[in-house]
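What follows is the content of my_file12.cif (mmCIF, C-alpha atoms).
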data_input
loop_
_atom_site.label_atom_id
_atom_site.label_comp_id
_atom_site.auth_asym_id
_atom_site.auth_seq_id
_atom_site.Cartn_x
_atom_site.Cartn_y
_atom_site.Cartn_z
CA MET K 1 138.90 -64.63 112.74
CA ILE K 2 139.99 -65.85 109.30
CA ARG K 3 137.39 -68.65 109.38
CA ILE K 4 134.60 -66.16 110.13
CA ALA K 5 135.98 -63.74 107.51
CA LEU K 6 135.86 -66.40 104.79
CA LEU K 7 132.39 -67.51 105.91
CA VAL K 8 130.99 -63.97 105.82
CA ALA K 9 132.71 -63.15 102.51
CA GLY K 10 131.35 -66.35 100.95
CA LYS K 11 127.85 -65.54 102.20
CA ASP K 12 127.95 -61.94 100.88
CA LEU K 13 129.28 -63.03 97.48
CA ARG K 14 126.68 -65.79 97.22
CA ILE K 15 123.92 -63.28 97.99
CA GLU K 16 125.35 -60.93 95.38
CA ARG K 17 125.53 -63.66 92.76
CA ARG K 18 121.93 -64.62 93.51
CA SER K 19 120.47 -61.12 93.57
CA ARG K 20 122.56 -59.82 90.63
CA VAL K 21 122.31 -56.24 91.90
CA LEU K 22 125.94 -55.69 90.86
CA LEU K 23 125.36 -57.00 87.34
CA TRP K 24 121.99 -55.47 86.51
CA GLN K 25 121.98 -52.26 88.54
CA VAL K 26 125.43 -51.05 89.57
CA LEU K 27 127.37 -52.03 86.45
CA PRO K 28 124.97 -50.35 83.98
CA PHE K 29 125.04 -47.25 86.18
CA GLY K 30 128.86 -47.20 86.10
CA VAL K 31 128.97 -47.65 82.33
CA MET K 32 126.37 -44.91 81.85
CA ALA K 33 128.43 -42.56 84.03
CA LEU K 34 131.52 -43.33 81.91
CA VAL K 35 129.55 -42.68 78.70
CA LEU K 36 128.48 -39.31 80.07
CA CYS K 37 132.09 -38.51 81.00
CA GLY K 38 133.17 -39.40 77.45
CA LEU K 39 130.43 -37.19 76.01
CA ALA K 40 131.44 -34.34 78.33
CA LEU K 41 135.04 -34.52 77.09
CA GLY K 42 133.93 -34.61 73.46
CA PRO K 43 135.57 -36.42 70.53
CA ASN K 44 138.44 -33.93 70.18
CA HIS K 45 139.65 -34.10 73.77
CA ALA K 46 138.89 -37.62 74.94
CA GLY K 47 142.18 -39.21 73.87
CA ASN K 48 144.41 -36.27 74.74
CA SER K 49 142.80 -35.10 77.96
CA SER K 50 144.49 -35.59 81.32
CA ALA K 51 141.02 -35.87 82.88
CA GLY K 52 140.64 -39.60 82.09
CA PRO K 53 142.07 -41.00 85.34
CA GLY K 54 140.14 -38.51 87.46
CA LEU K 55 136.89 -39.30 85.67
CA PHE K 56 137.52 -43.02 86.05
CA TYR K 57 137.95 -42.61 89.81
CA LEU K 58 134.91 -40.34 90.02
CA VAL K 59 132.83 -43.14 88.51
CA MET K 60 134.51 -45.69 90.81
CA LEU K 61 133.60 -43.49 93.80
CA LEU K 62 129.92 -43.44 92.81
CA VAL K 63 129.93 -47.19 92.21
CA THR K 64 131.74 -47.82 95.51
CA LEU K 65 129.15 -45.82 97.47
CA LEU K 66 126.36 -47.89 95.92
CA MET K 67 128.16 -51.14 96.69
CA ILE K 68 128.91 -50.17 100.31
CA ASN K 69 125.27 -49.35 100.84
CA ARG K 70 124.28 -52.67 99.30
CA SER K 71 126.78 -54.55 101.47
CA GLN K 72 125.25 -53.04 104.62
CA VAL K 73 121.63 -53.47 103.51
CA ILE K 74 122.18 -57.25 103.34
CA GLU K 75 122.38 -57.19 107.15
CA GLY K 76 119.80 -54.41 107.48
CA SER K 77 116.63 -56.22 108.59
CA PRO K 78 116.27 -55.89 112.39
CA GLY K 79 115.37 -59.58 112.67
CA THR K 80 118.42 -60.67 110.70
CA ARG K 81 120.68 -58.40 112.73
CA ALA K 82 119.33 -59.81 115.99
CA SER K 83 119.58 -63.40 114.78
CA VAL K 84 123.10 -63.00 113.48
CA ALA K 85 124.10 -61.12 116.65
CA THR K 86 123.10 -64.21 118.67
CA LEU K 87 125.59 -66.27 116.66
CA GLY K 88 128.29 -64.31 118.51
CA LEU K 89 130.48 -63.83 115.43
CA ASP K 90 133.90 -62.28 115.94
CA PRO K 91 133.41 -58.65 114.78
CA ALA K 92 136.94 -58.48 113.36
CA GLY K 93 136.15 -61.52 111.22
CA VAL K 94 132.85 -59.98 110.11
CA PHE K 95 134.66 -56.77 109.14
CA LEU K 96 137.33 -58.61 107.17
CA GLY K 97 134.74 -60.82 105.49
CA LYS K 98 132.53 -57.94 104.41
CA ALA K 99 135.55 -55.93 103.26
CA LEU K 100 136.86 -58.93 101.28
CA ALA K 101 133.50 -59.51 99.57
CA LEU K 102 133.21 -55.81 98.74
CA ALA K 103 136.79 -55.78 97.43
CA VAL K 104 136.11 -58.74 95.11
CA GLU K 105 133.02 -56.99 93.75
CA LEU K 106 134.96 -53.76 93.27
CA TRP K 107 137.84 -55.60 91.56
CA LEU K 108 135.43 -57.00 88.99
CA MET K 109 133.76 -53.62 88.58
CA SER K 110 137.06 -51.75 88.21
CA ILE K 111 138.33 -54.17 85.53
CA VAL K 112 135.15 -53.65 83.50
CA LEU K 113 135.24 -49.89 84.00
CA LEU K 114 138.94 -49.70 83.08
CA GLY K 115 137.98 -51.38 79.79
CA GLY K 116 135.22 -48.81 79.52
CA ALA K 117 137.73 -46.02 80.12
CA VAL K 118 139.87 -47.29 77.23
CA LEU K 119 136.83 -47.44 74.94
CA LEU K 120 134.93 -44.34 76.03
CA LEU K 121 137.63 -41.99 77.37
CA HIS K 122 140.28 -43.31 74.94
CA THR K 123 142.94 -43.76 77.64
CA GLN K 124 145.98 -45.70 76.39
CA PHE K 125 145.55 -49.44 76.66
CA SER K 126 149.17 -50.12 77.71
CA GLY K 127 149.14 -47.36 80.35
CA THR K 128 145.78 -48.57 81.67
CA LEU K 129 147.16 -52.11 81.93
CA LYS K 130 150.13 -50.72 83.84
CA ALA K 131 147.73 -48.90 86.21
CA LEU K 132 145.66 -52.03 86.90
CA PRO K 133 147.61 -53.29 89.99
CA SER K 134 147.43 -49.88 91.66
CA VAL K 135 143.72 -49.64 90.86
CA LEU K 136 143.14 -53.02 92.54
CA VAL K 137 145.03 -51.90 95.66
CA ILE K 138 143.12 -48.60 95.81
CA VAL K 139 139.71 -50.26 95.49
CA THR K 140 140.71 -52.76 98.19
CA ALA K 141 141.50 -49.84 100.49
CA LEU K 142 138.18 -48.24 99.47
CA ALA K 143 136.44 -51.51 100.39
CA ALA K 144 138.11 -51.59 103.82
CA ALA K 145 137.35 -47.93 104.56
CA GLY K 146 133.87 -48.28 103.06
CA THR K 147 132.97 -51.25 105.23
CA LEU K 148 134.04 -49.30 108.30
CA TYR K 149 132.16 -46.16 107.32
CA GLY K 150 129.15 -48.17 106.20
CA ALA K 151 128.82 -49.47 109.76
CA LEU K 152 129.48 -45.98 111.13
CA SER K 153 126.69 -44.45 109.01
CA GLY K 154 124.07 -46.82 110.38
CA GLY K 155 124.84 -50.21 108.88
CA GLY K 156 122.09 -50.10 106.27
CA GLN K 157 119.55 -48.73 108.75
CA GLY K 158 120.69 -45.12 108.78
CA PRO K 159 120.08 -42.58 106.03
CA ALA K 160 121.98 -43.50 102.84
CA THR K 161 122.88 -39.84 102.34
CA LEU K 162 125.09 -39.89 105.44
CA LEU K 163 127.64 -42.30 103.95
CA PRO K 164 129.16 -39.99 101.27
CA VAL K 165 129.56 -37.14 103.77
CA LEU K 166 131.13 -39.29 106.46
CA SER K 167 133.39 -41.30 104.19
CA PHE K 168 134.68 -38.44 102.04
CA PRO K 169 137.65 -37.53 104.31
CA ALA K 170 138.73 -41.20 104.31
CA PHE K 171 138.21 -41.69 100.58
CA ALA K 172 139.80 -38.44 99.38
CA PRO K 173 143.49 -39.42 99.89
CA LEU K 174 142.84 -42.80 98.27
CA LEU K 175 141.17 -41.22 95.26
CA ILE K 176 143.97 -38.67 94.86
CA ALA K 177 146.63 -41.39 95.11
CA GLY K 178 144.68 -43.52 92.65
CA GLU K 179 144.24 -40.70 90.15
CA ARG K 180 147.93 -39.75 90.37
CA SER K 181 149.15 -43.32 89.94
CA TYR K 182 146.84 -43.88 86.96
CA PHE K 183 148.00 -40.58 85.45
CA ASP K 184 151.66 -41.51 85.95
CA ALA K 185 151.03 -44.95 84.47
CA LEU K 186 149.62 -43.27 81.35
CA HIS K 187 152.35 -40.63 81.10
CA GLY K 188 155.41 -42.58 82.26
CA GLY K 189 155.87 -41.07 85.73
CA ALA K 190 157.19 -42.82 88.84
CA LEU K 191 154.58 -44.99 90.52
CA TRP K 192 156.28 -46.13 93.74
CA GLN K 193 155.24 -43.21 95.98
CA TRP K 194 151.56 -43.73 95.12
CA TRP K 195 151.92 -47.45 95.71
CA LEU K 196 153.41 -46.71 99.11
CA ILE K 197 150.58 -44.33 100.08
CA SER K 198 147.96 -46.83 98.88
CA LEU K 199 149.46 -49.75 100.78
CA VAL K 200 149.90 -47.75 104.00
CA ALA K 201 146.28 -46.54 103.74
CA LEU K 202 145.08 -50.09 103.12
CA ALA K 203 146.97 -51.42 106.16
CA ALA K 204 145.71 -48.52 108.31
CA TYR K 205 142.04 -49.01 107.37
CA LEU K 206 142.27 -52.77 107.88
CA ALA K 207 143.82 -52.27 111.33
CA ILE K 208 141.24 -49.65 112.34
CA GLY K 209 138.42 -51.83 111.08
CA ILE K 210 139.62 -54.90 112.96
CA LEU K 211 139.86 -52.85 116.15
CA LEU K 212 136.69 -50.75 115.86
CA TYR K 213 134.10 -52.69 113.87
CA GLY K 214 132.75 -54.40 116.99
CA VAL K 215 132.35 -51.05 118.76
CA LEU K 216 130.50 -49.60 115.76
CA GLU K 217 128.22 -52.62 115.57
CA GLU K 218 127.39 -52.32 119.26
CA SER K 219 126.59 -48.63 118.95
CA MET D 220 124.27 -62.61 142.63
CA SER D 221 122.07 -64.73 140.35
CA SER D 222 120.40 -67.92 141.56
CA PRO D 223 121.31 -71.03 139.53
CA SER D 224 117.66 -72.07 139.32
CA LEU D 225 116.69 -68.80 137.64
CA VAL D 226 117.31 -68.07 133.98
CA VAL D 227 116.15 -64.46 134.33
CA GLU D 228 116.44 -62.10 137.28
CA LEU D 229 115.51 -58.45 136.87
CA HIS D 230 115.32 -55.83 139.61
CA ASP D 231 114.05 -52.36 138.72
CA ALA D 232 115.30 -52.91 135.16
CA VAL D 233 115.15 -49.79 133.02
CA VAL D 234 115.94 -49.64 129.30
CA LEU D 235 116.24 -46.20 127.77
CA VAL D 236 116.52 -45.60 124.05
CA GLY D 237 117.00 -41.99 123.00
CA GLY D 238 115.99 -40.92 126.50
CA PHE D 239 112.64 -42.74 126.23
CA PRO D 240 112.02 -45.54 128.76
CA LEU D 241 111.08 -48.72 126.87
CA LEU D 242 111.19 -50.58 130.19
CA ALA D 243 110.49 -48.45 133.26
CA GLY D 244 111.54 -50.61 136.22
CA VAL D 245 110.73 -54.26 135.59
CA ASN D 246 111.00 -56.77 138.44
CA LEU D 247 110.90 -60.34 137.20
CA ASP D 248 112.28 -63.80 138.02
CA ILE D 249 111.91 -66.71 135.60
CA GLU D 250 112.81 -70.32 136.46
CA ARG D 251 114.97 -72.40 134.13
CA ALA D 252 113.31 -74.93 131.79
CA THR D 253 109.96 -73.17 131.85
CA LEU D 254 107.73 -71.49 129.31
CA SER D 255 106.79 -67.87 129.93
CA VAL D 256 104.54 -65.73 127.79
CA ILE D 257 104.89 -61.96 127.79
CA THR D 258 101.67 -60.27 126.75
CA GLY D 259 100.57 -56.67 126.50
CA ALA D 260 99.38 -54.02 124.11
CA ASN D 261 101.53 -52.51 121.37
CA GLY D 262 104.31 -50.44 122.95
CA ALA D 263 103.98 -52.17 126.32
CA GLY D 264 107.63 -53.24 126.18
CA LYS D 265 107.36 -56.91 125.13
CA THR D 266 110.00 -56.82 122.41
CA SER D 267 112.23 -54.52 124.49
CA LEU D 268 112.14 -57.02 127.35
CA LEU D 269 113.13 -59.86 125.01
CA ARG D 270 115.90 -57.75 123.49
CA LEU D 271 117.22 -56.93 126.96
CA LEU D 272 117.25 -60.63 127.87
CA GLY D 273 119.06 -61.40 124.63
CA GLY D 274 121.78 -58.83 125.26
CA LEU D 275 120.62 -56.85 122.24
CA VAL D 276 119.95 -53.62 124.17
CA PRO D 277 121.86 -52.48 127.26
CA LEU D 278 120.39 -52.25 130.74
CA SER D 279 120.26 -48.53 131.53
CA SER D 280 119.65 -48.85 135.26
CA GLY D 281 118.65 -51.46 137.81
CA THR D 282 120.24 -54.89 138.04
CA GLY D 283 119.67 -58.19 136.34
CA SER D 284 121.02 -61.32 134.78
CA ALA D 285 119.95 -63.55 131.93
CA SER D 286 121.20 -67.08 131.32
CA GLY D 287 123.79 -66.53 134.05
CA VAL D 288 125.28 -63.38 132.53
CA ASP D 289 125.10 -60.10 134.43
CA LEU D 290 123.26 -57.60 132.20
CA LYS D 291 125.10 -54.63 133.68
CA SER D 292 128.70 -55.76 133.82
CA GLY D 293 128.78 -59.13 132.05
CA ASP D 294 129.89 -60.04 128.55
CA LEU D 295 126.80 -59.42 126.39
CA ARG D 296 128.45 -61.17 123.45
CA GLU D 297 128.66 -64.31 125.58
CA LEU D 298 124.99 -63.90 126.54
CA ARG D 299 124.01 -63.65 122.87
CA ARG D 300 125.76 -66.95 122.19
CA ARG D 301 123.56 -68.58 124.84
CA VAL D 302 120.22 -67.29 123.54
CA GLY D 303 118.29 -67.87 120.35
CA TRP D 304 116.21 -65.11 118.80
CA LEU D 305 113.24 -65.47 116.49
CA GLY D 306 111.85 -62.12 115.41
CA HIS D 307 108.45 -61.59 113.87
CA GLU D 308 109.96 -59.88 110.84
CA GLY D 309 112.17 -62.73 109.63
CA SER D 310 115.55 -63.65 110.94
CA PHE D 311 117.72 -64.77 108.06
CA TYR D 312 119.13 -63.88 104.65
CA ASP D 313 116.35 -63.71 102.08
CA ASP D 314 118.55 -64.38 99.04
CA LEU D 315 120.04 -67.56 100.49
CA THR D 316 118.24 -70.87 100.34
CA VAL D 317 116.86 -72.57 103.43
CA ARG D 318 119.83 -74.97 103.52
CA GLU D 319 122.38 -72.17 102.93
CA ASN D 320 120.95 -70.14 105.81
CA LEU D 321 121.21 -73.08 108.16
CA SER D 322 124.66 -73.98 106.86
CA PHE D 323 125.83 -70.41 107.57
CA ALA D 324 124.57 -70.62 111.16
CA ALA D 325 126.13 -74.05 111.72
CA LYS D 326 129.51 -73.03 110.30
CA ALA D 327 129.49 -69.75 112.24
CA LEU D 328 129.13 -71.77 115.43
CA GLY D 329 131.79 -74.26 114.34
CA ARG D 330 129.26 -77.11 114.28
CA PRO D 331 128.98 -79.84 111.66
CA THR D 332 126.36 -79.30 108.98
CA ASP D 333 125.18 -82.93 109.22
CA ASP D 334 122.32 -81.92 111.53
CA ILE D 335 120.68 -79.73 108.89
CA THR D 336 118.77 -82.56 107.20
CA ARG D 337 117.42 -83.82 110.53
CA VAL D 338 116.39 -80.33 111.62
CA LEU D 339 114.65 -79.65 108.30
CA GLU D 340 112.68 -82.86 108.70
CA ARG D 341 111.76 -81.86 112.25
CA VAL D 342 110.24 -78.56 111.11
CA GLY D 343 108.74 -79.97 107.92
CA LEU D 344 110.86 -78.00 105.46
CA SER D 345 112.77 -80.85 103.77
CA SER D 346 111.03 -80.27 100.46
CA ARG D 347 111.93 -76.56 100.61
CA ALA D 348 115.62 -77.01 101.45
CA ASP D 349 116.79 -75.47 98.18
CA THR D 350 114.21 -72.67 98.06
CA GLN D 351 115.33 -69.10 98.67
CA ALA D 352 114.06 -67.79 102.01
CA LYS D 353 112.26 -64.89 100.31
CA ARG D 354 110.10 -67.36 98.38
CA LEU D 355 108.77 -69.03 101.54
CA SER D 356 105.31 -68.33 102.97
CA ALA D 357 105.03 -66.57 106.33
CA GLY D 358 104.47 -69.89 108.11
CA GLN D 359 107.43 -71.52 106.37
CA ARG D 360 109.62 -68.56 107.34
CA ARG D 361 108.67 -69.14 110.95
CA ARG D 362 109.60 -72.79 110.57
CA LEU D 363 112.97 -71.78 109.09
CA GLY D 364 113.51 -69.54 112.11
CA LEU D 365 112.76 -72.50 114.36
CA ALA D 366 115.12 -74.71 112.36
CA TRP D 367 117.86 -72.10 112.88
CA LEU D 368 117.22 -72.30 116.64
CA LEU D 369 117.01 -76.10 116.72
CA LEU D 370 120.36 -76.23 114.98
CA ARG D 371 121.86 -73.87 117.56
CA ARG D 372 120.26 -75.48 120.64
CA PRO D 373 120.42 -72.32 122.80
CA GLU D 374 119.82 -72.32 126.56
CA MET D 375 117.12 -69.67 126.29
CA TRP D 376 114.72 -69.19 123.37
CA LEU D 377 113.37 -65.69 122.82
CA LEU D 378 110.45 -65.76 120.41
CA ASP D 379 109.03 -62.37 119.45
CA GLU D 380 105.40 -62.79 118.42
CA PRO D 381 105.96 -66.14 116.72
CA TYR D 382 102.22 -66.76 116.27
CA ALA D 383 101.64 -63.70 114.09
CA THR D 384 100.34 -64.72 110.63
CA LEU D 385 100.31 -68.42 111.52
CA ASP D 386 97.31 -70.60 110.70
CA ASP D 387 95.87 -73.20 113.08
CA GLU D 388 98.18 -75.95 111.84
CA GLY D 389 101.20 -73.69 112.27
CA ARG D 390 100.17 -72.70 115.79
CA THR D 391 99.67 -76.33 116.78
CA PHE D 392 103.09 -77.22 115.37
CA PHE D 393 104.66 -74.34 117.29
CA ASP D 394 102.98 -75.38 120.54
CA GLN D 395 104.24 -78.96 120.16
CA LEU D 396 107.76 -77.87 119.39
CA ILE D 397 107.87 -75.38 122.27
CA GLY D 398 106.66 -78.12 124.60
CA ASP D 399 109.47 -80.42 123.42
CA VAL D 400 112.06 -77.68 123.83
CA VAL D 401 110.99 -76.94 127.41
CA ALA D 402 110.95 -80.67 128.19
CA SER D 403 114.53 -80.89 126.94
CA GLY D 404 115.62 -78.36 129.58
CA ALA D 405 115.71 -75.08 127.66
CA SER D 406 113.85 -71.96 128.76
CA VAL D 407 111.39 -70.39 126.34
CA ILE D 408 110.10 -66.83 126.58
CA VAL D 409 107.45 -65.87 124.05
CA SER D 410 105.96 -62.45 123.42
CA ALA D 411 102.38 -62.46 122.17
CA HIS D 412 99.44 -60.10 121.99
CA ASP D 413 97.16 -62.70 123.58
CA PRO D 414 97.72 -65.53 126.08
CA LEU D 415 98.58 -68.90 124.51
CA ARG D 416 95.64 -71.10 123.54
CA SER D 417 97.31 -74.36 124.49
CA GLU D 418 96.38 -75.38 128.01
CA ALA D 419 98.73 -78.37 127.77
CA LEU D 420 101.74 -76.03 127.83
CA ALA D 421 100.49 -74.31 131.01
CA PRO D 422 102.71 -71.29 130.61
CA ARG D 423 103.30 -68.53 133.08
CA THR D 424 101.72 -65.38 131.64
CA ILE D 425 103.31 -62.02 132.40
CA THR D 426 101.44 -58.92 131.28
CA LEU D 427 103.34 -55.73 130.60
CA ALA D 428 101.86 -52.22 130.47
CA GLY D 429 103.81 -49.03 130.04
CA GLY D 430 107.15 -50.79 130.43
CA LEU D 431 106.18 -52.34 133.80
CA VAL D 432 104.90 -55.75 134.89
CA ALA D 433 101.16 -55.21 135.34
CA ASP D 434 100.15 -58.80 136.01
CA ASP D 435 101.89 -62.15 136.59
CA GLN D 436 99.91 -65.40 136.54
CA SER D 437 101.49 -68.84 136.88
#
For this file, produce the structure as structure tokens.
Amino acid sequence: MIRIALLVAGKDLRIERRSRVLLWQVLPFGVMALVLCGLALGPNHAGNSSAGPGLFYLVMLLVTLLMINRSQVIEGSPGTRASVATLGLDPAGVFLGKALALAVELWLMSIVLLGGAVLLLHTQFSGTLKALPSVLVIVTALAAAGTLYGALSGGGQGPATLLPVLSFPAFAPLLIAGERSYFDALHGGALWQWWLISLVALAAYLAIGILLYGVLEES
Amino acid sequence: MSSPSLVVELHDAVVLVGGFPLLAGVNLDIERATLSVITGANGAGKTSLLRLLGGLVPLSSGTGSASGVDLKSGDLRELRRRVGWLGHEGSFYDDLTVRENLSFAAKALGRPTDDITRVLERVGLSSRADTQAKRLSAGQRRRLGLAWLLLRRPEMWLLDEPYATLDDEGRTFFDQLIGDVVASGASVIVSAHDPLRSEALAPRTITLAGGLVADDQS
């Protein structure tokens, strides 16, 4: 399972590096969304507003949806799906590999967008740095849940509009925990309960994905 | 119970997708190590039959086996490992190079990647080894698909309209390679709009119409 996971993750990341969709399409979109959030807050409120963490996670949600769709489209051609199906890959390994590749992409994206939040939303640098580990855990859980729901919504062959609707109930607790932990990191609150929720959610989505990804692929 | 000399046995095989019968009761036996060509008009069920034999769509009713695996109660994942699929729309990752695509397939199967150079030479793609698949011509993409199958060495080859968009040289190359594959003991089932030109291959030609076998000529 681990061998297949690393193989699939390596393949997805290589395709991403080659196609540069993340760099030239998703990243500019995320930065533009952050700029608009900064403009919406205005110069007088940006540094003092408590909306910064929520706006950061709103942008991360939009970016995550784009990246999940992209991750599924890679496998989307019927010929490719049939060919790869005849390789008989372990579905749990495929799930872990795709989730790992998506997580790596989201880690990079979240680091850039956290820098953007400091610059454009004027969130405190030290508090943002303190929030970084929790952000990485949250986006990893988003990657796991997103890979599962990406397959559920048609695996790149179904309508792209279905993914946000289906995945929202799974993403909502993660986004709330992420926003709260970022807020507490900025304002000196306790972080451990949000860490706990994030880690439990991550473990749960990984376990569900390992168990169900094969069933979703078959359907 | 399937006969060991048969690679395909179908009895009243029905495939339904969304309630629509893609195959409406196919009866068919195919011997091992033979070449069979499935012909028929668009929508006759050629691709659906290949997908059924590859374990890519479930058997809705009837009985059957492919490559020794029961299509009703057997492990379809195991069947897929035994077959090779070449679709007419391209069967690999466009952003990866020719060599990377083959390396992915070899590693997925736990096989050494040493064979890749030999296989590329066999299909005439050595000079394109480091070219992205999306930059290949239609004929070269077919050759990459064949290289993928040669690397895997499946028991049963399922080729969905492999001659589409091929020129004369490409068709001749395909005919030669298919002949070699059959001679090596694998079974090849090809879907095509028209019967094969090559008389040397002497294939069995099965004509489908409306999801049923309309004609069967050895």
Residue hits in chain D, query chain K, radius 6 Å, all atoms listed in the file, as a short mmCIF file (atom, residue, chain, number, x, y, z; two decimals) with C-alpha atoms, in the coordinates of the input:
data_model
loop_
_atom_site.label_atom_id
_atom_site.label_comp_id
_atom_site.auth_asym_id
_atom_site.auth_seq_id
_atom_site.Cartn_x
_atom_site.Cartn_y
_atom_site.Cartn_z
CA ARG D 296 128.45 -61.17 123.45
CA ARG D 299 124.01 -63.65 122.87
CA ARG D 300 125.76 -66.95 122.19
CA TRP D 304 116.21 -65.11 118.80
CA GLY D 306 111.85 -62.12 115.41
CA GLU D 308 109.96 -59.88 110.84
CA GLY D 309 112.17 -62.73 109.63
CA SER D 310 115.55 -63.65 110.94
CA PHE D 311 117.72 -64.77 108.06
CA ASP D 314 118.55 -64.38 99.04
#
**Asked** Leu321 (chain D): which residues within 8 Å, counting all atoms listed in the file, same-chain residues fewer than 5 positions away excluded, as a list of chain:residue names?
**Response**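 Here the qualifying residues turn out to be D:Ile335, D:Ala366, D:Trp367, D:Leu370.
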**Item:** Among the residues D:Val256, D:Val432, D:Leu229, D:Leu242, the one that comes closest to Leu290 (chain D) [using all atoms listed in the file]
**Value:** D:Leu229
**Request:** Using the chain letters and numbering of this document, enumerate as a PyMOL selection string the residues selected by the PyMOL selection byres ((chain K and resi 197-213) around 10).
**Result:** chain K and resi 1+90-96+99+134-135+137-149+151-152+170-171+173-178+181+192-196+214-219
Taking C-alpha atoms for each residue, export the selection above as a JSON list (two decimals), in the coordinates of the input.
[["chain", "number", "residue", "atom", "x", "y", "z"],
["K", 1, "MET", "CA", 138.90, -64.63, 112.74],
["K", 90, "ASP", "CA", 133.90, -62.28, 115.94],
["K", 91, "PRO", "CA", 133.41, -58.65, 114.78],
["K", 92, "ALA", "CA", 136.94, -58.48, 113.36],
["K", 93, "GLY", "CA", 136.15, -61.52, 111.22],
["K", 94, "VAL", "CA", 132.85, -59.98, 110.11],
["K", 95, "PHE", "CA", 134.66, -56.77, 109.14],
["K", 96, "LEU", "CA", 137.33, -58.61, 107.17],
["K", 99, "ALA", "CA", 135.55, -55.93, 103.26],
["K", 134, "SER", "CA", 147.43, -49.88, 91.66],
["K", 135, "VAL", "CA", 143.72, -49.64, 90.86],
["K", 137, "VAL", "CA", 145.03, -51.90, 95.66],
["K", 138, "ILE", "CA", 143.12, -48.60, 95.81],
["K", 139, "VAL", "CA", 139.71, -50.26, 95.49],
["K", 140, "THR", "CA", 140.71, -52.76, 98.19],
["K", 141, "ALA", "CA", 141.50, -49.84, 100.49],
["K", 142, "LEU", "CA", 138.18, -48.24, 99.47],
["K", 143, "ALA", "CA", 136.44, -51.51, 100.39],
["K", 144, "ALA", "CA", 138.11, -51.59, 103.82],
["K", 145, "ALA", "CA", 137.35, -47.93, 104.56],
["K", 146, "GLY", "CA", 133.87, -48.28, 103.06],
["K", 147, "THR", "CA", 132.97, -51.25, 105.23],
["K", 148, "LEU", "CA", 134.04, -49.30, 108.30],
["K", 149, "TYR", "CA", 132.16, -46.16, 107.32],
["K", 151, "ALA", "CA", 128.82, -49.47, 109.76],
["K", 152, "LEU", "CA", 129.48, -45.98, 111.13],
["K", 170, "ALA", "CA", 138.73, -41.20, 104.31],
["K", 171, "PHE", "CA", 138.21, -41.69, 100.58],
["K", 173, "PRO", "CA", 143.49, -39.42, 99.89],
["K", 174, "LEU", "CA", 142.84, -42.80, 98.27],
["K", 175, "LEU", "CA", 141.17, -41.22, 95.26],
["K", 176, "ILE", "CA", 143.97, -38.67, 94.86],
["K", 177, "ALA", "CA", 146.63, -41.39, 95.11],
["K", 178, "GLY", "CA", 144.68, -43.52, 92.65],
["K", 181, "SER", "CA", 149.15, -43.32, 89.94],
["K", 192, "TRP", "CA", 156.28, -46.13, 93.74],
["K", 193, "GLN", "CA", 155.24, -43.21, 95.98],
["K", 194, "TRP", "CA", 151.56, -43.73, 95.12],
["K", 195, "TRP", "CA", 151.92, -47.45, 95.71],
["K", 196, "LEU", "CA", 153.41, -46.71, 99.11],
["K", 214, "GLY", "CA", 132.75, -54.40, 116.99],
["K", 215, "VAL", "CA", 132.35, -51.05, 118.76],
["K", 216, "LEU", "CA", 130.50, -49.60, 115.76],
["K", 217, "GLU", "CA", 128.22, -52.62, 115.57],
["K", 218, "GLU", "CA", 127.39, -52.32, 119.26],
["K", 219, "SER", "CA", 126.59, -48.63, 118.95]]
**Request:** Could you check how far CA of Ser279 (chain D) sits from CA of Val234 (chain D), in Å to one decimal?
**Result:**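 These two atoms are separated by 5.0 Å.
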**Asked** What residues come out when you apply the PyMOL selection byres ((chain K and resi 163) around 12) to this file, written as a VMD selection string?
**Response** chain K and resid 61 to 62 64 to 70 72 145 to 162 164 to 171
